[in-house]
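A.B. asks: Next up, protein_17.txt (compact mmCIF, C-alpha atoms and all ligand atoms).
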```
# COMPACT_ATOMS: atom_id res chain seq x y z
CA MET S 387 -42.33 41.37 -19.80
CA ILE S 388 -42.54 42.45 -16.18
CA MET S 389 -45.42 44.88 -16.10
CA PRO S 390 -48.06 45.91 -18.59
CA ASP S 391 -47.08 48.87 -20.75
CA ILE S 392 -48.34 52.24 -19.69
CA GLU S 393 -48.42 55.41 -21.59
CA LYS S 394 -45.02 56.97 -22.24
CA PRO S 395 -45.70 60.55 -21.10
CA PHE S 396 -47.12 59.23 -17.87
CA LEU S 397 -44.10 57.00 -17.39
CA ALA S 398 -41.72 59.87 -18.05
CA SER S 399 -43.42 62.01 -15.47
CA LEU S 400 -43.36 59.15 -12.98
CA GLU S 401 -39.68 58.60 -13.61
CA GLU S 402 -39.10 62.27 -13.18
CA ARG S 403 -41.01 62.28 -9.94
CA LEU S 404 -39.26 59.19 -8.61
CA ARG S 405 -35.79 60.44 -9.58
CA HIS S 406 -36.26 63.92 -8.25
CA SER S 407 -38.44 63.32 -5.25
CA ASN S 408 -37.49 65.37 -2.25
CA ALA S 409 -33.86 65.24 -1.12
CA PHE S 410 -34.67 63.87 2.31
CA LEU S 411 -36.56 60.88 0.93
CA LYS S 412 -33.75 60.16 -1.51
CA ASN S 413 -31.17 60.37 1.21
CA LEU S 414 -33.24 58.05 3.35
CA ILE S 415 -33.30 55.43 0.64
CA LEU S 416 -29.67 55.83 -0.37
CA SER S 417 -28.40 55.50 3.17
CA SER S 418 -30.58 52.50 4.01
CA VAL S 419 -28.60 49.57 5.43
CA ASP S 420 -30.72 47.29 3.29
CA GLY S 421 -30.22 47.18 -0.44
CA VAL S 422 -32.98 49.13 -2.19
CA MET S 423 -33.80 48.93 -5.87
CA ALA S 424 -36.80 50.08 -7.81
CA ALA S 425 -37.65 49.52 -11.43
CA ASP S 426 -40.33 50.78 -13.76
CA CYS S 427 -42.72 48.45 -15.48
CA LYS S 428 -40.23 47.82 -18.28
CA GLY S 429 -37.56 46.79 -15.85
CA LYS S 430 -35.55 50.02 -16.13
CA ILE S 431 -33.81 50.61 -12.85
CA LEU S 432 -34.83 53.83 -11.13
CA ILE S 433 -33.27 53.46 -7.69
CA PHE S 434 -30.16 51.53 -6.75
CA ASN S 435 -28.70 52.51 -3.39
CA ASP S 436 -25.21 52.10 -1.92
CA ALA S 437 -26.10 48.90 -0.04
CA ALA S 438 -27.40 47.38 -3.29
CA SER S 439 -24.07 48.33 -4.91
CA GLU S 440 -22.12 46.79 -2.07
CA ILE S 441 -24.03 43.52 -2.31
CA THR S 442 -24.05 43.18 -6.10
CA GLY S 443 -20.79 44.92 -7.05
CA TYR S 444 -22.53 47.23 -9.60
CA SER S 445 -22.15 50.95 -9.00
CA SER S 446 -25.37 52.96 -8.81
CA ASP S 447 -24.53 54.72 -12.09
CA GLU S 448 -23.89 51.41 -13.85
CA ALA S 449 -27.18 50.01 -12.60
CA LEU S 450 -29.17 53.12 -13.51
CA ASP S 451 -27.63 53.55 -16.95
CA GLN S 452 -26.97 50.04 -18.19
CA LEU S 453 -28.98 47.46 -16.31
CA ASN S 454 -32.45 46.08 -16.57
CA ILE S 455 -33.94 44.54 -13.44
CA ARG S 456 -33.83 41.16 -15.23
CA ASP S 457 -30.00 41.40 -15.35
CA ILE S 458 -29.87 41.51 -11.56
CA TYR S 459 -31.55 38.12 -11.22
CA PRO S 460 -30.55 34.72 -12.66
CA ALA S 461 -32.56 33.65 -15.75
CA LYS S 462 -36.34 33.73 -15.23
CA VAL S 463 -36.04 34.69 -11.56
CA ALA S 464 -37.24 38.29 -12.16
CA TYR S 465 -40.34 36.84 -13.79
CA ALA S 466 -40.86 34.43 -10.87
CA VAL S 467 -40.51 37.31 -8.40
CA MET S 468 -43.16 39.30 -10.27
CA GLN S 469 -45.45 36.26 -10.34
CA LYS S 470 -45.09 35.91 -6.57
CA LEU S 471 -45.68 39.64 -6.14
CA ARG S 472 -48.90 39.43 -8.09
CA SER S 473 -50.14 36.40 -6.13
CA ASP S 474 -51.41 36.22 -2.58
CA ASP S 475 -48.71 33.70 -1.59
CA CYS S 476 -46.16 35.77 0.31
CA GLY S 477 -47.63 38.70 2.19
CA GLY S 478 -50.68 39.49 0.09
CA ARG S 479 -51.28 40.78 -3.43
CA GLY S 480 -48.69 43.29 -4.55
CA LYS S 481 -46.40 42.39 -1.64
CA LEU S 482 -43.58 39.95 -1.01
CA GLN S 483 -42.16 39.34 2.44
CA SER S 484 -38.86 37.70 3.46
CA TYR S 485 -38.58 35.89 0.17
CA GLN S 486 -35.26 34.11 -0.26
CA VAL S 487 -33.93 34.44 -3.76
CA ASP S 488 -30.60 34.79 -5.57
CA VAL S 489 -29.33 37.92 -7.29
CA LEU S 490 -26.45 37.96 -9.73
CA GLY S 491 -23.37 39.89 -8.70
CA LYS S 492 -21.35 41.82 -11.27
CA ASP S 493 -18.85 38.93 -11.32
CA GLY S 494 -21.65 36.46 -12.15
CA GLN S 495 -21.71 35.02 -8.64
CA LYS S 496 -25.13 34.07 -7.23
CA ILE S 497 -25.80 35.96 -4.01
CA PRO S 498 -28.60 34.74 -1.73
CA ILE S 499 -30.76 37.61 -0.45
CA SER S 500 -33.87 38.03 1.64
CA LEU S 501 -36.25 40.23 -0.32
CA ASN S 502 -39.18 42.37 0.76
CA ALA S 503 -40.81 43.81 -2.32
CA ALA S 504 -43.91 45.66 -3.39
CA ILE S 505 -45.63 46.75 -6.55
CA VAL S 506 -46.16 50.49 -6.76
CA TYR S 507 -49.65 51.34 -8.04
CA GLU S 508 -50.85 54.60 -9.53
CA LYS S 509 -54.59 54.83 -9.93
CA GLY S 510 -54.84 51.08 -9.75
CA GLU S 511 -52.18 50.54 -12.42
CA GLU S 512 -48.83 48.89 -11.82
CA VAL S 513 -46.18 51.51 -12.50
CA ALA S 514 -43.09 50.22 -10.71
CA SER S 515 -41.75 47.69 -8.29
CA VAL S 516 -39.52 48.28 -5.33
CA GLY S 517 -37.41 45.78 -3.41
CA PHE S 518 -35.62 46.00 -0.04
CA PHE S 519 -33.10 43.24 0.48
CA HIS S 520 -30.19 42.11 2.55
CA ASP S 521 -27.29 39.77 1.90
CA LEU S 522 -27.85 36.32 3.38
CA ARG S 523 -24.34 34.93 2.75
CA GLN S 524 -23.03 35.47 6.25
CA THR S 525 -26.24 34.30 7.92
CA LEU S 526 -26.34 31.16 5.78
CA GLN S 527 -22.66 30.52 6.48
CA ILE S 528 -23.18 30.84 10.25
CA GLN S 529 -26.27 28.64 9.99
CA LYS S 530 -24.18 26.02 8.19
CA GLU S 531 -21.42 26.21 10.80
CA LEU S 532 -23.98 25.93 13.58
CA GLU S 533 -25.53 22.88 11.99
CA GLN S 534 -22.06 21.35 11.78
CA THR S 535 -21.42 22.12 15.46
CA GLN S 536 -24.73 20.59 16.38
CA MET S 537 -23.79 17.51 14.36
CA GLN S 538 -20.43 17.36 16.13
CA LEU S 539 -22.02 17.76 19.54
CA LEU S 540 -24.52 15.08 18.62
CA GLN S 541 -21.65 12.91 17.48
CA ALA S 542 -19.86 13.52 20.79
CA GLU S 543 -23.08 12.58 22.59
CA LYS S 544 -23.39 9.44 20.49
CA MET S 545 -19.78 8.57 21.22
CA ALA S 546 -20.45 9.06 24.90
CA SER S 547 -23.50 6.76 24.93
CA LEU S 548 -21.67 4.23 22.81
CA GLY S 549 -18.76 4.38 25.23
CA LYS S 550 -21.15 3.77 28.10
CA LEU S 551 -22.74 0.87 26.25
CA ALA S 552 -19.33 -0.60 25.41
CA ALA S 553 -18.20 -0.33 29.01
CA GLY S 554 -21.43 -1.98 30.18
CA VAL S 555 -21.03 -4.79 27.66
CA ALA S 556 -17.37 -5.25 28.57
CA HIS S 557 -18.19 -5.45 32.23
CA GLN S 558 -21.18 -7.77 31.82
CA ILE S 559 -19.57 -10.10 29.31
CA ASN S 560 -15.88 -10.07 30.16
CA ASN S 561 -16.27 -11.66 33.60
CA PRO S 562 -18.39 -14.70 32.61
CA LEU S 563 -16.26 -14.97 29.46
CA GLY S 564 -13.14 -15.15 31.60
CA GLY S 565 -14.79 -17.98 33.56
CA ILE S 566 -15.70 -19.88 30.40
CA ILE S 567 -12.15 -19.60 29.02
CA LEU S 568 -10.58 -20.56 32.35
CA TYR S 569 -12.75 -23.61 33.03
CA ALA S 570 -12.72 -24.84 29.43
CA GLY S 571 -8.92 -24.59 29.59
CA LEU S 572 -8.84 -26.53 32.87
CA MET S 573 -11.06 -29.27 31.47
CA LEU S 574 -8.81 -29.55 28.42
CA GLU S 575 -5.94 -30.30 30.70
CA GLU S 576 -7.92 -33.32 31.94
CA TYR S 577 -5.95 -36.16 30.58
CA GLU S 578 -8.60 -38.85 30.01
CA LEU S 579 -10.97 -36.72 27.89
CA LYS S 580 -12.46 -38.38 24.84
CA ASP S 581 -11.40 -36.87 21.50
CA GLU S 582 -14.94 -35.73 20.79
CA ALA S 583 -15.21 -33.91 24.11
CA ARG S 584 -11.77 -32.35 23.58
CA GLU S 585 -12.89 -31.09 20.17
CA ASP S 586 -16.07 -29.60 21.68
CA LEU S 587 -14.08 -27.87 24.38
CA ASN S 588 -11.66 -26.43 21.82
CA ARG S 589 -14.63 -25.11 19.94
CA ILE S 590 -16.00 -23.49 23.13
CA LEU S 591 -12.61 -21.89 23.73
CA ARG S 592 -12.35 -20.58 20.16
CA ASP S 593 -15.85 -19.05 20.28
CA ALA S 594 -15.21 -17.53 23.69
CA GLU S 595 -12.00 -15.92 22.36
CA ARG S 596 -13.97 -14.54 19.43
CA CYS S 597 -16.45 -12.97 21.84
CA LYS S 598 -13.54 -11.43 23.72
CA ASP S 599 -12.19 -9.91 20.51
CA THR S 600 -15.61 -8.48 19.66
CA VAL S 601 -15.83 -6.80 23.06
CA LYS S 602 -12.34 -5.38 22.52
CA GLU S 603 -13.31 -4.03 19.10
CA LEU S 604 -16.40 -2.40 20.57
CA LEU S 605 -14.27 -0.66 23.16
CA GLU S 606 -11.76 0.46 20.57
CA PHE S 607 -14.54 1.83 18.40
CA ALA S 608 -15.94 3.80 21.33
CA ARG S 609 -12.52 5.34 21.83
CA GLN S 610 -12.27 6.25 18.09
CA THR S 611 -9.60 4.75 15.96
CA ARG S 612 -9.75 5.98 12.36
CA TYR S 613 -7.19 8.71 11.74
CA GLU S 614 -6.17 10.67 8.67
CA MET S 615 -2.92 12.35 9.54
CA ARG S 616 -1.60 15.29 7.52
CA PRO S 617 0.34 18.49 8.20
CA LEU S 618 -2.06 21.12 9.49
CA ASP S 619 -2.05 24.59 10.97
CA ILE S 620 -2.81 24.15 14.67
CA ASN S 621 -3.88 27.79 15.06
CA LYS S 622 -6.45 27.35 12.32
CA ALA S 623 -7.76 24.18 13.98
CA ILE S 624 -8.16 26.08 17.27
CA VAL S 625 -9.75 29.12 15.66
CA ARG S 626 -12.20 26.87 13.85
CA THR S 627 -13.21 25.05 17.03
CA LEU S 628 -13.59 28.39 18.84
CA PHE S 629 -15.67 29.80 16.01
CA LEU S 630 -17.98 26.80 16.17
CA LEU S 631 -18.34 26.95 19.94
CA GLU S 632 -18.53 30.68 20.63
CA ASN S 633 -21.93 30.90 18.98
CA GLN S 634 -23.35 28.47 21.53
CA THR S 635 -25.42 29.86 24.41
CA LEU S 636 -22.98 28.46 26.98
CA PHE S 637 -20.28 30.81 25.61
CA GLN S 638 -22.31 34.03 25.55
CA ASN S 639 -20.72 35.41 28.74
CA ILE S 640 -17.30 33.89 28.24
CA LYS S 641 -14.48 36.15 27.15
CA ILE S 642 -12.17 34.30 24.80
CA GLU S 643 -8.55 35.42 24.68
CA ARG S 644 -6.46 34.13 21.81
CA GLN S 645 -2.70 34.31 22.13
CA LEU S 646 -1.69 32.42 19.03
CA ASP S 647 1.88 32.31 17.79
CA GLU S 648 1.54 32.75 14.04
CA GLY S 649 4.98 31.29 13.35
CA ILE S 650 4.24 27.70 14.39
CA PRO S 651 5.08 25.16 11.67
CA PRO S 652 2.39 22.59 10.81
CA VAL S 653 1.50 19.79 13.21
CA ASN S 654 1.02 16.26 11.94
CA GLY S 655 -2.57 15.52 12.84
CA ASP S 656 -6.11 14.49 12.03
CA SER S 657 -8.12 17.71 11.85
CA GLN S 658 -11.41 16.12 12.92
CA GLN S 659 -9.84 14.40 15.91
CA LEU S 660 -8.04 17.59 16.94
CA ASN S 661 -11.33 19.42 16.65
CA HIS S 662 -12.86 16.83 19.03
CA LEU S 663 -9.90 17.24 21.34
CA PHE S 664 -10.13 21.05 21.60
CA MET S 665 -13.91 20.93 21.73
CA ASN S 666 -13.93 18.59 24.72
CA ILE S 667 -11.37 20.62 26.69
CA ILE S 668 -13.00 23.96 25.86
CA LEU S 669 -16.48 22.61 26.65
CA ASN S 670 -15.21 21.35 30.01
CA ALA S 671 -13.71 24.80 30.70
CA ALA S 672 -16.96 26.56 29.82
CA GLN S 673 -18.94 24.12 31.95
CA ALA S 674 -16.51 24.59 34.87
CA MET S 675 -16.96 28.37 34.63
CA SER S 676 -20.75 27.87 34.50
CA GLY S 677 -20.85 29.91 31.31
CA SER S 678 -19.07 33.06 32.57
CA GLY S 679 -15.39 33.88 32.90
CA THR S 680 -12.33 34.05 30.67
CA LEU S 681 -11.00 31.32 28.44
CA THR S 682 -7.42 31.80 27.30
CA VAL S 683 -6.07 29.75 24.44
CA SER S 684 -2.40 30.16 23.63
CA THR S 685 0.01 28.44 21.28
CA ARG S 686 3.76 28.58 20.87
CA ARG S 687 6.57 26.63 19.30
CA GLY S 688 8.47 24.39 21.74
CA ALA S 689 12.05 25.33 22.64
CA ASN S 690 13.57 22.41 20.70
CA ASN S 691 11.45 23.16 17.61
CA LYS S 692 9.90 19.68 17.60
CA ARG S 693 6.58 20.33 19.25
CA ALA S 694 3.71 22.78 19.32
CA HIS S 695 2.67 23.83 22.83
CA ILE S 696 -0.96 24.62 23.45
CA ALA S 697 -2.41 25.91 26.71
CA ILE S 698 -6.14 26.16 27.40
CA ALA S 699 -6.90 27.95 30.65
CA ASP S 700 -10.12 28.92 32.38
CA THR S 701 -11.12 31.00 35.39
CA GLY S 702 -13.37 28.32 36.90
CA PRO S 703 -12.97 26.68 40.32
CA GLY S 704 -10.06 24.45 39.20
CA ILE S 705 -9.76 20.70 39.68
CA PRO S 706 -9.88 19.44 43.30
CA PRO S 707 -6.75 17.43 44.31
CA ASP S 708 -8.76 14.22 44.85
CA VAL S 709 -10.34 14.54 41.39
CA MET S 710 -7.12 15.38 39.52
CA PRO S 711 -5.64 11.83 39.30
CA GLN S 712 -8.85 10.47 37.74
CA ILE S 713 -9.88 13.09 35.19
CA PHE S 714 -8.56 11.14 32.18
CA ASP S 715 -10.18 7.87 33.31
CA PRO S 716 -13.00 6.65 31.07
CA PHE S 717 -16.41 7.33 32.61
CA TYR S 718 -15.00 9.33 35.48
CA THR S 719 -17.20 12.37 36.01
CA THR S 720 -18.08 14.71 38.85
CA LYS S 721 -21.11 15.94 36.94
CA GLU S 722 -24.74 15.12 37.65
CA GLU S 723 -26.35 12.18 35.87
CA GLY S 724 -27.30 13.34 32.37
CA GLU S 725 -24.83 16.26 32.41
CA GLY S 726 -21.64 14.32 31.83
CA THR S 727 -20.63 10.78 31.10
CA GLY S 728 -16.93 11.18 31.78
CA ILE S 729 -15.92 10.16 28.27
CA GLY S 730 -14.64 13.61 27.15
CA LEU S 731 -11.14 13.63 28.61
CA SER S 732 -10.59 9.92 28.02
CA LEU S 733 -11.28 10.58 24.32
CA VAL S 734 -8.89 13.53 24.51
CA TYR S 735 -6.26 11.29 26.05
CA GLY S 736 -6.68 8.66 23.31
CA ILE S 737 -6.39 11.34 20.59
CA ILE S 738 -3.25 12.82 22.19
CA GLU S 739 -1.70 9.36 22.41
CA ASN S 740 -2.48 8.62 18.78
CA HIS S 741 -0.77 11.88 17.80
CA GLY S 742 2.33 11.06 19.82
CA GLY S 743 1.69 14.05 22.06
CA SER S 744 1.24 14.67 25.74
CA ILE S 745 -1.27 16.37 28.00
CA LYS S 746 -1.37 17.46 31.60
CA ALA S 747 -3.74 19.47 33.75
CA VAL S 748 -2.72 21.93 36.44
CA ASN S 749 -4.53 24.40 38.64
CA ARG S 750 -3.70 28.10 38.36
CA GLU S 751 -3.42 30.89 40.87
CA PRO S 752 -5.71 32.39 42.05
CA ASN S 753 -8.26 30.11 40.37
CA GLY S 754 -9.00 28.00 37.32
CA ALA S 755 -7.61 24.98 35.52
CA CYS S 756 -5.13 24.87 32.67
CA PHE S 757 -4.58 22.03 30.21
CA PHE S 758 -1.10 21.89 28.62
CA ILE S 759 -0.90 19.98 25.39
CA GLU S 760 2.13 19.17 23.29
CA LEU S 761 1.82 17.88 19.75
CA PRO S 762 4.70 16.84 17.47
CA LEU S 763 5.34 19.15 14.55
CA SER S 764 5.21 17.61 11.12
CA THR S 765 8.82 16.58 10.58
CA PRO S 766 10.63 14.21 8.18
CA PRO S 767 10.45 10.58 9.47
CA ASP S 768 14.18 10.41 10.23
CA GLU S 769 14.01 13.36 12.60
CA GLU S 770 12.51 11.64 15.60
CA GLU S 771 11.07 13.96 18.21
CA CYS S 772 12.61 14.17 21.64
CA LEU S 773 10.44 14.98 24.62
CA GLU S 774 10.88 18.33 26.22
CA SER S 775 11.16 18.25 29.95
N1 LIG Y 801 -11.63 22.83 33.18
C1 LIG Y 801 -12.01 22.05 34.20
N2 LIG Y 801 -12.22 22.58 35.43
C2 LIG Y 801 -12.58 21.80 36.48
N3 LIG Y 801 -12.80 20.47 36.39
C3 LIG Y 801 -12.62 19.90 35.19
C4 LIG Y 801 -12.21 20.63 34.05
N4 LIG Y 801 -12.12 19.78 33.00
C5 LIG Y 801 -12.44 18.56 33.47
N5 LIG Y 801 -12.76 18.62 34.78
C6 LIG Y 801 -13.13 17.49 35.65
O1 LIG Y 801 -12.79 16.29 34.99
C7 LIG Y 801 -13.94 15.43 34.93
C8 LIG Y 801 -13.83 14.54 33.74
O2 LIG Y 801 -13.95 15.31 32.55
P1 LIG Y 801 -14.52 14.65 31.21
O3 LIG Y 801 -14.57 15.68 30.17
O4 LIG Y 801 -13.75 13.46 30.92
O5 LIG Y 801 -15.98 14.21 31.62
P2 LIG Y 801 -17.27 15.10 31.83
O6 LIG Y 801 -17.05 16.47 31.31
O7 LIG Y 801 -17.64 14.97 33.27
O8 LIG Y 801 -18.34 14.34 30.97
P3 LIG Y 801 -18.49 14.34 29.35
O9 LIG Y 801 -17.31 15.05 28.78
O10 LIG Y 801 -18.59 12.94 28.97
O11 LIG Y 801 -19.73 15.04 29.10
C9 LIG Y 801 -15.11 16.37 34.95
O12 LIG Y 801 -16.28 15.73 35.42
C10 LIG Y 801 -14.63 17.45 35.89
O13 LIG Y 801 -14.80 17.05 37.25
MG MG Y 802 -16.30 16.77 29.31
```
Would you encode the structure as structure tokens?
Ligand SMILES: Nc1ncnc2c1ncn2[C@@H]1O[C@H](COP(=O)(O)OP(=O)(O)OP(=O)(O)O)[C@@H](O)[C@H]1O
Ligand SMILES: [Mg+2]

C.D. replies:
Amino acid sequence: MIMPDIEKPFLASLEERLRHSNAFLKNLILSSVDGVMAADCKGKILIFNDAASEITGYSSDEALDQLNIRDIYPAKVAYAVMQKLRSDDCGGRGKLQSYQVDVLGKDGQKIPISLNAAIVYEKGEEVASVGFFHDLRQTLQIQKELEQTQMQLLQAEKMASLGKLAAGVAHQINNPLGGIILYAGLMLEEYELKDEAREDLNRILRDAERCKDTVKELLEFARQTRYEMRPLDINKAIVRTLFLLENQTLFQNIKIERQLDEGIPPVNGDSQQLNHLFMNIILNAAQAMSGSGTLTVSTRRGANNKRAHIAIADTGPGIPPDVMPQIFDPFYTTKEEGEGTGIGLSLVYGIIENHGGSIKAVNREPNGACFFIELPLSTPPDEEECLES
């Protein structure tokens, strides 16, 4: 039971008063953007506004005539809400503030809401409860997407530091390793070496080669190697990356123009890698525009029907001619220490290569850079792609 029983005549008069309170007040409640529902102490629903209908799927009439407040919540949740309301836990006795709870939609689906509720007292007696709530689905979805973006950005950061580490290791170890291999080899060519010494030298050579392989593996790992290729919609991959990025502060003053050709057949690709690819190019564009300008992303089907063409253009300062030849080099950056490691476009290049595609950067008139990408469409293995000029 939700509230202690009160006398019937009193209840009837309260119901009457609540139902027929002045028209303005009713209108106010019914037109509230938040869902509003009120129930008497037996759980009979007295108010159920349009927003509550929209969230739950029950019409107001259905709710008023057929539902008990307990039906709106999953099992035992109505009781838990009342317990909270009666405690001092969330906003004081008789009040509940920003309490996250599920309601049950008409189709049985659980809908997360944020609930502000209060007990209505008459002469110190509980006579009703009223709740104001809003749908949290979209907020929670965006929160989830943002967390994923953060994870991806963190991953990109990790990749960048790992790349730096790998390059450092390669540089520090490869040179002395080359010396070890060279001189051990030379000594082996010495004709009068004892068998034991020859065996030791062979061992040195073998171990040195193993070290070389390890360094190579480390470098390959930093450049990402695991791919899961499948036919995928390139427009969807772009839209997803844009959706993840446009919520970031850097993109607040960037106008994003999408010119996506809906008729492009699927591309054969690894969705995560393509996400990395677009993310790196788009992040570079946003950074080049210092967070304000226009980003244009367009897609179209190549003339010979074998490739998808993607262009990502910005209105930043463009790429200076002396920088252009080096932009895809690992660890080449024009950014300040801590702002860029120069791994972004080299990762992009590796991903493009692994997809059998191509990429080039050009400057646009009057300003800005544009990256042209071509990716093979998913075609039967016998139909080999031919490069478009
Ligand atoms: N859209 C662009 N406009 C102007 N310059 C660009 C653009 N994209 C890339 N560049 C230049 O290419 C360089 C290399 O880019 P890359 O993404 O590889 O490294 P980064 O952005 O400097 O660092 P990181 O991506 O590791 O954080 C950049 O430092 C920048 O000078
Ligand atoms: Mg970058």

A.B. asks: For the interface of chain S with ligand LIG 801 (chain Y) (cut-off 8 Å, counting all atoms listed in the file), please tabulate each contacting residue of chain S alongside its nearest pair of atoms and their separation in Å to one decimal, rows sorted by chain and increasing number, as JSON lines.

C.D. replies:
```
{"residue": "S:Glu543", "atom": "CA", "partner": "Y:LIG801", "partner_atom": "O11", "distance": 7.7}
{"residue": "S:Ala546", "atom": "CA", "partner": "Y:LIG801", "partner_atom": "O10", "distance": 5.9}
{"residue": "S:Asn666", "atom": "CA", "partner": "Y:LIG801", "partner_atom": "O3", "distance": 6.2}
{"residue": "S:Ile667", "atom": "CA", "partner": "Y:LIG801", "partner_atom": "N4", "distance": 6.4}
{"residue": "S:Ile668", "atom": "CA", "partner": "Y:LIG801", "partner_atom": "N1", "distance": 7.5}
{"residue": "S:Leu669", "atom": "CA", "partner": "Y:LIG801", "partner_atom": "O6", "distance": 7.7}
{"residue": "S:Asn670", "atom": "CA", "partner": "Y:LIG801", "partner_atom": "N4", "distance": 4.6}
{"residue": "S:Ala671", "atom": "CA", "partner": "Y:LIG801", "partner_atom": "N1", "distance": 3.8}
{"residue": "S:Ala672", "atom": "CA", "partner": "Y:LIG801", "partner_atom": "N1", "distance": 7.3}
{"residue": "S:Gln673", "atom": "CA", "partner": "Y:LIG801", "partner_atom": "N1", "distance": 7.5}
{"residue": "S:Ala674", "atom": "CA", "partner": "Y:LIG801", "partner_atom": "N2", "distance": 4.8}
{"residue": "S:Met675", "atom": "CA", "partner": "Y:LIG801", "partner_atom": "N2", "distance": 7.5}
{"residue": "S:Ala699", "atom": "CA", "partner": "Y:LIG801", "partner_atom": "N1", "distance": 7.4}
{"residue": "S:Asp700", "atom": "CA", "partner": "Y:LIG801", "partner_atom": "N1", "distance": 6.3}
{"residue": "S:Gly702", "atom": "CA", "partner": "Y:LIG801", "partner_atom": "N2", "distance": 6.0}
{"residue": "S:Pro703", "atom": "CA", "partner": "Y:LIG801", "partner_atom": "C2", "distance": 6.2}
{"residue": "S:Gly704", "atom": "CA", "partner": "Y:LIG801", "partner_atom": "C2", "distance": 4.6}
{"residue": "S:Ile705", "atom": "CA", "partner": "Y:LIG801", "partner_atom": "C2", "distance": 4.4}
{"residue": "S:Pro706", "atom": "CA", "partner": "Y:LIG801", "partner_atom": "N3", "distance": 7.6}
{"residue": "S:Val709", "atom": "CA", "partner": "Y:LIG801", "partner_atom": "O13", "distance": 6.6}
{"residue": "S:Met710", "atom": "CA", "partner": "Y:LIG801", "partner_atom": "O1", "distance": 7.3}
{"residue": "S:Gln712", "atom": "CA", "partner": "Y:LIG801", "partner_atom": "O1", "distance": 7.5}
{"residue": "S:Ile713", "atom": "CA", "partner": "Y:LIG801", "partner_atom": "O1", "distance": 4.3}
{"residue": "S:Phe714", "atom": "CA", "partner": "Y:LIG801", "partner_atom": "O4", "distance": 5.8}
{"residue": "S:Asp715", "atom": "CA", "partner": "Y:LIG801", "partner_atom": "O4", "distance": 7.1}
{"residue": "S:Pro716", "atom": "CA", "partner": "Y:LIG801", "partner_atom": "O4", "distance": 6.9}
{"residue": "S:Phe717", "atom": "CA", "partner": "Y:LIG801", "partner_atom": "O4", "distance": 6.9}
{"residue": "S:Tyr718", "atom": "CA", "partner": "Y:LIG801", "partner_atom": "C8", "distance": 5.6}
{"residue": "S:Thr719", "atom": "CA", "partner": "Y:LIG801", "partner_atom": "O12", "distance": 3.5}
{"residue": "S:Thr720", "atom": "CA", "partner": "Y:LIG801", "partner_atom": "O12", "distance": 4.0}
{"residue": "S:Lys721", "atom": "CA", "partner": "Y:LIG801", "partner_atom": "O12", "distance": 5.1}
{"residue": "S:Glu725", "atom": "CA", "partner": "Y:LIG801", "partner_atom": "O11", "distance": 6.2}
{"residue": "S:Gly726", "atom": "CA", "partner": "Y:LIG801", "partner_atom": "O11", "distance": 3.4}
{"residue": "S:Thr727", "atom": "CA", "partner": "Y:LIG801", "partner_atom": "O10", "distance": 3.7}
{"residue": "S:Gly728", "atom": "CA", "partner": "Y:LIG801", "partner_atom": "O5", "distance": 3.2}
{"residue": "S:Ile729", "atom": "CA", "partner": "Y:LIG801", "partner_atom": "O10", "distance": 3.9}
{"residue": "S:Gly730", "atom": "CA", "partner": "Y:LIG801", "partner_atom": "O9", "distance": 3.4}
{"residue": "S:Leu731", "atom": "CA", "partner": "Y:LIG801", "partner_atom": "O4", "distance": 3.5}
{"residue": "S:Ser732", "atom": "CA", "partner": "Y:LIG801", "partner_atom": "O4", "distance": 5.6}
{"residue": "S:Leu733", "atom": "CA", "partner": "Y:LIG801", "partner_atom": "O4", "distance": 7.6}
{"residue": "S:Gly754", "atom": "CA", "partner": "Y:LIG801", "partner_atom": "N2", "distance": 6.6}
{"residue": "S:Ala755", "atom": "CA", "partner": "Y:LIG801", "partner_atom": "N1", "distance": 5.1}
{"residue": "S:Cys756", "atom": "CA", "partner": "Y:LIG801", "partner_atom": "N1", "distance": 6.8}
{"residue": "S:Phe757", "atom": "CA", "partner": "Y:LIG801", "partner_atom": "N1", "distance": 7.7}
```

A.B. asks: Calculate how many Å separate atom CA of S:Val419 from atom CA of S:Ala464, rounding to one decimal.

C.D. replies: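 So the answer is 22.6 Å.
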
A.B. asks: Go through S:Asp475, S:Asp647, S:Glu585, S:Glu723 and flag the residue nearest S:Lys622, using all atoms listed in the file for the distances.

C.D. replies: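 Closest to S:Lys622, using all atoms listed in the file: S:Asp647.
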
A.B. asks: For ligand MG 802 (chain Y), which of S:Ile455, S:Leu660, S:Val734, S:Ile590 is the closest residue, counting all atoms listed in the file?

C.D. replies: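 Smallest separation from ligand MG 802 (chain Y) among the options: S:Val734.
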
A.B. asks: With only C-alpha atoms and all ligand atoms as the basis for distance, which of S:Leu450, S:Leu663, S:Ala583, S:Cys476 is at the shortest distance from ligand MG 802 (chain Y)?

C.D. replies: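 Smallest separation from ligand MG 802 (chain Y) among the options: S:Leu663.
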
A.B. asks: Quick one: residues within 12 Å of stretch 479-489 of chain S, only C-alpha atoms counted, chain neighbours fewer than 6 positions away excluded, as a PyMOL selection string?

C.D. replies: chain S and resi 421+423+438-439+441-444+455-464+466-473+495-507+510-523+526

A.B. asks: Go ahead and compute the interatomic distance for atom CA of S:Ser764 and atom CA of S:Ala747, in Å to one decimal.

C.D. replies: 24.4 Å

A.B. asks: Of the candidates S:Met665, S:Asn560, S:Gly494, S:Asn654, which one gets nearest to ligand MG 802 (chain Y) if we count all atoms listed in the file?

C.D. replies: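 Using all atoms listed in the file, ligand MG 802 (chain Y) sits closest to S:Met665.
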
A.B. asks: What gap, in Å, lies between atom CA of S:Thr535 and atom CA of S:Leu761?

C.D. replies: 24.0 Å
